[in-house]
Amino acid sequence: MKIELFYAPGCAQCGTMTAALKAAAQAVSGVEWCEFNVLDDLDRAVNLGVLTLPALAVDGELVFTALPTTEQLVAELRRRDGERGHGA
């Protein structure tokens with residue numbers, strides 16, 4: 001599963017939760033974490049429909065248009081993992 005965090009440099013909200021979300025996501029097996037600065041990867045963000053920052057996409061689908069709590073992120077990853085037949 002690939003998680004993409006879209007952020008802007010200097011965004012206080014982006015910086016405060018990122019480490020906790022990354023750690024929570026990586027606790028779920030098979031997760032790849034990527035971070036995209038929208039100033040450098042604007043085309044990627046636009047293609048996914050990112051309108052506000054920070055935003056999170058999972059497997060190429062915009063899932064969170066604001067940063068979720070760690071619990072919300074883990075629940076979404078487990079739900080997706082269960083759909084793939086790897087239930088937790």
# chains A, B, ... in the order shown; residues from 1 in each chain; ligands from 1
$ residues_around --residues "stretch 66-79 of chain A" --least-positions-apart "4" --cutoff "6 Å" --atoms "only C-alpha atoms" --output "MDAnalysis selection string"
chainID A and resid 21 54:55
$ select_by_dssp --residues "chain A" --states "alpha helix (DSSP H)" --output "CSV table (one decimal) with all heavy atoms, in the first residue's frame"
chain,number,residue,atom,x,y,z
A,12,ALA,N,2.6,24.8,9.2
A,12,ALA,CA,2.7,24.4,10.6
A,12,ALA,C,1.9,23.1,10.8
A,12,ALA,O,2.3,22.2,11.5
A,12,ALA,CB,2.3,25.4,11.6
A,13,GLN,N,0.7,23.0,10.3
A,13,GLN,CA,-0.2,21.9,10.4
A,13,GLN,C,0.5,20.6,9.8
A,13,GLN,O,0.4,19.5,10.3
A,13,GLN,CB,-1.5,22.1,9.8
A,13,GLN,CG,-2.5,21.0,10.1
A,13,GLN,CD,-3.9,21.3,9.5
A,13,GLN,OE1,-4.0,22.2,8.7
A,13,GLN,NE2,-4.9,20.5,9.9
A,14,CYS,N,1.1,20.8,8.7
A,14,CYS,CA,1.8,19.7,8.0
A,14,CYS,C,2.9,19.1,8.8
A,14,CYS,O,3.0,17.9,8.9
A,14,CYS,CB,2.4,20.1,6.6
A,14,CYS,SG,1.2,20.8,5.5
A,15,GLY,N,3.6,19.9,9.5
A,15,GLY,CA,4.8,19.4,10.3
A,15,GLY,C,4.5,18.8,11.6
A,15,GLY,O,5.2,17.9,12.0
A,16,THR,N,3.4,19.2,12.2
A,16,THR,CA,3.1,18.7,13.6
A,16,THR,C,2.7,17.3,13.6
A,16,THR,O,3.1,16.6,14.6
A,16,THR,CB,2.0,19.6,14.2
A,16,THR,OG1,0.8,19.5,13.4
A,16,THR,CG2,2.4,21.0,14.4
A,17,MET,N,1.9,16.8,12.7
A,17,MET,CA,1.4,15.4,12.8
A,17,MET,C,2.1,14.4,11.9
A,17,MET,O,1.9,13.2,12.0
A,17,MET,CB,-0.1,15.4,12.4
A,17,MET,CG,-1.0,16.0,13.5
A,17,MET,SD,-1.1,14.9,14.9
A,17,MET,CE,-1.9,13.5,14.2
A,18,THR,N,3.0,14.9,11.0
A,18,THR,CA,3.6,14.0,10.0
A,18,THR,C,4.3,12.8,10.6
A,18,THR,O,4.1,11.7,10.2
A,18,THR,CB,4.5,14.8,9.1
A,18,THR,OG1,3.7,15.8,8.4
A,18,THR,CG2,5.1,13.9,8.0
A,19,ALA,N,5.2,13.1,11.6
A,19,ALA,CA,6.0,12.0,12.2
A,19,ALA,C,5.1,10.9,12.8
A,19,ALA,O,5.3,9.7,12.7
A,19,ALA,CB,6.9,12.6,13.2
A,20,ALA,N,4.1,11.4,13.5
A,20,ALA,CA,3.2,10.4,14.2
A,20,ALA,C,2.4,9.6,13.2
A,20,ALA,O,2.2,8.4,13.3
A,20,ALA,CB,2.2,11.1,15.1
A,21,LEU,N,1.9,10.2,12.1
A,21,LEU,CA,1.2,9.5,11.1
A,21,LEU,C,2.1,8.5,10.3
A,21,LEU,O,1.7,7.4,10.0
A,21,LEU,CB,0.6,10.5,10.1
A,21,LEU,CG,-0.6,11.3,10.6
A,21,LEU,CD1,-1.0,12.4,9.6
A,21,LEU,CD2,-1.8,10.4,10.9
A,22,LYS,N,3.3,9.0,10.0
A,22,LYS,CA,4.2,8.1,9.3
A,22,LYS,C,4.5,6.8,10.2
A,22,LYS,O,4.5,5.7,9.7
A,22,LYS,CB,5.5,8.8,9.0
A,22,LYS,CG,6.5,8.0,8.3
A,22,LYS,CD,7.7,8.9,8.0
A,22,LYS,CE,8.8,8.1,7.2
A,22,LYS,NZ,9.9,8.9,6.8
A,23,ALA,N,4.8,7.0,11.5
A,23,ALA,CA,5.0,5.9,12.4
A,23,ALA,C,3.8,5.0,12.4
A,23,ALA,O,4.0,3.7,12.4
A,23,ALA,CB,5.4,6.4,13.7
A,24,ALA,N,2.6,5.5,12.6
A,24,ALA,CA,1.4,4.7,12.6
A,24,ALA,C,1.2,3.9,11.3
A,24,ALA,O,0.9,2.7,11.4
A,24,ALA,CB,0.2,5.6,12.9
A,25,ALA,N,1.4,4.6,10.2
A,25,ALA,CA,1.2,3.9,8.9
A,25,ALA,C,2.2,2.8,8.7
A,25,ALA,O,1.9,1.7,8.3
A,25,ALA,CB,1.4,4.9,7.8
A,26,GLN,N,3.5,3.0,9.1
A,26,GLN,CA,4.5,2.0,8.9
A,26,GLN,C,4.4,0.8,9.9
A,26,GLN,O,5.0,-0.2,9.7
A,26,GLN,CB,5.9,2.6,9.0
A,26,GLN,CG,6.1,3.5,7.8
A,26,GLN,CD,7.5,4.3,7.8
A,26,GLN,OE1,8.0,4.6,8.9
A,26,GLN,NE2,8.0,4.6,6.7
A,42,LEU,N,3.4,19.7,-8.2
A,42,LEU,CA,2.0,20.2,-8.4
A,42,LEU,C,1.2,19.4,-9.3
A,42,LEU,O,0.0,19.2,-9.1
A,42,LEU,CB,2.1,21.7,-8.9
A,42,LEU,CG,0.8,22.4,-9.0
A,42,LEU,CD1,0.1,22.5,-7.7
A,42,LEU,CD2,1.0,23.8,-9.6
A,43,ASP,N,1.7,18.9,-10.4
A,43,ASP,CA,1.0,18.1,-11.4
A,43,ASP,C,0.4,16.9,-10.7
A,43,ASP,O,-0.8,16.5,-11.0
A,43,ASP,CB,1.8,17.7,-12.6
A,43,ASP,CG,2.1,18.9,-13.5
A,43,ASP,OD1,1.4,19.9,-13.4
A,43,ASP,OD2,3.1,18.8,-14.3
A,44,ARG,N,1.2,16.2,-9.9
A,44,ARG,CA,0.7,15.0,-9.2
A,44,ARG,C,-0.5,15.3,-8.3
A,44,ARG,O,-1.5,14.6,-8.2
A,44,ARG,CB,1.9,14.3,-8.4
A,44,ARG,CG,1.5,13.2,-7.6
A,44,ARG,CD,1.3,11.9,-8.4
A,44,ARG,NE,1.0,10.8,-7.5
A,44,ARG,CZ,0.0,9.9,-7.8
A,44,ARG,NH1,-0.6,10.0,-9.0
A,44,ARG,NH2,-0.3,8.9,-7.0
A,45,ALA,N,-0.3,16.4,-7.5
A,45,ALA,CA,-1.4,16.8,-6.6
A,45,ALA,C,-2.6,17.2,-7.4
A,45,ALA,O,-3.7,16.8,-7.0
A,45,ALA,CB,-0.9,18.0,-5.8
A,46,VAL,N,-2.5,17.9,-8.4
A,46,VAL,CA,-3.7,18.3,-9.2
A,46,VAL,C,-4.4,17.1,-9.8
A,46,VAL,O,-5.6,17.0,-9.8
A,46,VAL,CB,-3.3,19.3,-10.3
A,46,VAL,CG1,-4.4,19.5,-11.3
A,46,VAL,CG2,-2.9,20.6,-9.7
A,47,ASN,N,-3.6,16.1,-10.3
A,47,ASN,CA,-4.2,14.9,-10.9
A,47,ASN,C,-5.0,14.1,-9.9
A,47,ASN,O,-6.0,13.5,-10.3
A,47,ASN,CB,-3.1,14.1,-11.5
A,47,ASN,CG,-2.6,14.6,-12.8
A,47,ASN,OD1,-3.2,15.4,-13.5
A,47,ASN,ND2,-1.4,14.2,-13.2
A,48,LEU,N,-4.6,14.2,-8.6
A,48,LEU,CA,-5.3,13.5,-7.6
A,48,LEU,C,-6.5,14.3,-7.0
A,48,LEU,O,-7.3,13.7,-6.3
A,48,LEU,CB,-4.4,13.1,-6.4
A,48,LEU,CG,-3.5,11.9,-6.7
A,48,LEU,CD1,-2.5,11.8,-5.5
A,48,LEU,CD2,-4.2,10.6,-6.9
A,70,THR,N,-4.1,9.6,14.0
A,70,THR,CA,-3.4,8.3,13.7
A,70,THR,C,-4.4,7.2,13.7
A,70,THR,O,-4.3,6.2,12.9
A,70,THR,CB,-2.3,8.1,14.8
A,70,THR,OG1,-2.8,8.2,16.1
A,70,THR,CG2,-1.2,9.1,14.6
A,71,GLU,N,-5.4,7.2,14.6
A,71,GLU,CA,-6.4,6.2,14.7
A,71,GLU,C,-7.2,6.1,13.4
A,71,GLU,O,-7.5,5.0,12.9
A,71,GLU,CB,-7.3,6.4,15.9
A,71,GLU,CG,-6.7,6.3,17.2
A,71,GLU,CD,-5.9,7.5,17.7
A,71,GLU,OE1,-6.1,8.6,17.0
A,71,GLU,OE2,-5.2,7.4,18.7
A,72,GLN,N,-7.6,7.2,12.8
A,72,GLN,CA,-8.3,7.2,11.6
A,72,GLN,C,-7.5,6.7,10.4
A,72,GLN,O,-8.0,5.9,9.6
A,72,GLN,CB,-8.8,8.7,11.2
A,72,GLN,CG,-9.8,9.2,12.1
A,72,GLN,CD,-10.1,10.7,11.8
A,72,GLN,OE1,-9.1,11.5,11.6
A,72,GLN,NE2,-11.3,11.1,11.9
A,73,LEU,N,-6.2,7.0,10.4
A,73,LEU,CA,-5.3,6.5,9.3
A,73,LEU,C,-5.2,5.0,9.4
A,73,LEU,O,-5.3,4.3,8.4
A,73,LEU,CB,-4.0,7.2,9.3
A,73,LEU,CG,-3.0,6.7,8.3
A,73,LEU,CD1,-3.5,6.9,6.9
A,73,LEU,CD2,-1.6,7.4,8.5
A,74,VAL,N,-4.9,4.5,10.6
A,74,VAL,CA,-4.7,3.1,10.8
A,74,VAL,C,-6.0,2.3,10.5
A,74,VAL,O,-5.9,1.3,9.8
A,74,VAL,CB,-4.2,2.8,12.2
A,74,VAL,CG1,-4.3,1.3,12.5
A,74,VAL,CG2,-2.8,3.3,12.4
A,75,ALA,N,-7.1,2.9,10.9
A,75,ALA,CA,-8.4,2.2,10.6
A,75,ALA,C,-8.6,2.1,9.1
A,75,ALA,O,-9.0,1.0,8.6
A,75,ALA,CB,-9.5,2.9,11.2
A,76,GLU,N,-8.3,3.2,8.3
A,76,GLU,CA,-8.5,3.1,6.9
A,76,GLU,C,-7.5,2.1,6.2
A,76,GLU,O,-7.9,1.4,5.3
A,76,GLU,CB,-8.2,4.5,6.3
A,76,GLU,CG,-8.3,4.6,4.8
A,76,GLU,CD,-9.6,4.3,4.2
A,76,GLU,OE1,-10.6,4.3,4.9
A,76,GLU,OE2,-9.7,4.0,3.0
A,77,LEU,N,-6.3,2.1,6.7
A,77,LEU,CA,-5.3,1.2,6.2
A,77,LEU,C,-5.7,-0.3,6.4
A,77,LEU,O,-5.6,-1.2,5.6
A,77,LEU,CB,-3.9,1.4,6.7
A,77,LEU,CG,-3.3,2.8,6.3
A,77,LEU,CD1,-2.0,3.0,7.0
A,77,LEU,CD2,-3.3,3.0,4.8
A,78,ARG,N,-6.2,-0.5,7.6
A,78,ARG,CA,-6.6,-1.9,8.0
A,78,ARG,C,-7.8,-2.3,7.2
A,78,ARG,O,-8.0,-3.4,6.7
A,78,ARG,CB,-6.9,-2.0,9.5
A,78,ARG,CG,-5.6,-2.0,10.3
A,78,ARG,CD,-5.9,-2.3,11.7
A,78,ARG,NE,-4.6,-2.4,12.4
A,78,ARG,CZ,-4.4,-2.1,13.7
A,78,ARG,NH1,-5.4,-1.6,14.4
A,78,ARG,NH2,-3.2,-2.1,14.2
A,79,ARG,N,-8.8,-1.3,6.9
A,79,ARG,CA,-9.9,-1.6,6.1
A,79,ARG,C,-9.5,-2.0,4.7
A,79,ARG,O,-10.0,-3.0,4.2
A,79,ARG,CB,-10.9,-0.4,6.1
A,79,ARG,CG,-12.2,-0.6,5.3
A,79,ARG,CD,-12.9,0.7,5.1
A,79,ARG,NE,-12.3,1.6,4.2
A,79,ARG,CZ,-12.2,1.5,2.9
A,79,ARG,NH1,-12.8,0.4,2.3
A,79,ARG,NH2,-11.6,2.4,2.1
A,80,ARG,N,-8.6,-1.2,4.2
A,80,ARG,CA,-8.1,-1.5,2.8
A,80,ARG,C,-7.4,-2.8,2.7
A,80,ARG,O,-7.5,-3.6,1.8
A,80,ARG,CB,-7.2,-0.4,2.3
A,80,ARG,CG,-8.0,0.9,2.0
A,80,ARG,CD,-7.1,2.0,1.6
A,80,ARG,NE,-7.9,3.2,1.2
A,80,ARG,CZ,-8.2,3.4,-0.1
A,80,ARG,NH1,-7.7,2.7,-1.0
A,80,ARG,NH2,-8.9,4.5,-0.4
A,81,ASP,N,-6.6,-3.1,3.8
A,81,ASP,CA,-5.9,-4.4,3.8
A,81,ASP,C,-6.8,-5.5,3.9
A,81,ASP,O,-6.6,-6.6,3.2
A,81,ASP,CB,-4.9,-4.4,5.0
A,81,ASP,CG,-3.9,-5.5,4.9
A,81,ASP,OD1,-3.3,-5.7,3.8
A,81,ASP,OD2,-3.6,-6.1,6.0
A,82,GLY,N,-7.9,-5.4,4.6
A,82,GLY,CA,-8.9,-6.4,4.7
A,82,GLY,C,-9.6,-6.7,3.4
A,82,GLY,O,-10.0,-7.8,3.1
A,83,GLU,N,-9.9,-5.6,2.7
A,83,GLU,CA,-10.5,-5.7,1.3
A,83,GLU,C,-9.6,-6.5,0.4
A,83,GLU,O,-10.1,-7.2,-0.5
A,83,GLU,CB,-10.8,-4.4,0.8
A,83,GLU,CG,-11.9,-3.7,1.4
A,83,GLU,CD,-12.2,-2.3,0.9
A,83,GLU,OE1,-11.4,-1.8,0.0
A,83,GLU,OE2,-13.2,-1.6,1.3
$ residues_around --residues "stretch 32-39 of chain A" --least-positions-apart "6" --cutoff "9 Å" --atoms "only C-alpha atoms" --output "ChimeraX atom specification"
/A:1-9,22,25-26,45,53
$ select_by_dssp --residues "chain A" --states "strand (DSSP E or B)" --output "list of chain:residue names"
A:Lys2, A:Ile3, A:Glu4, A:Leu5, A:Phe6, A:Tyr7, A:Glu32, A:Trp33, A:Cys34, A:Glu35, A:Phe36, A:Asn37, A:Ala55, A:Leu56, A:Ala57, A:Val58, A:Glu61, A:Leu62, A:Val63, A:Phe64
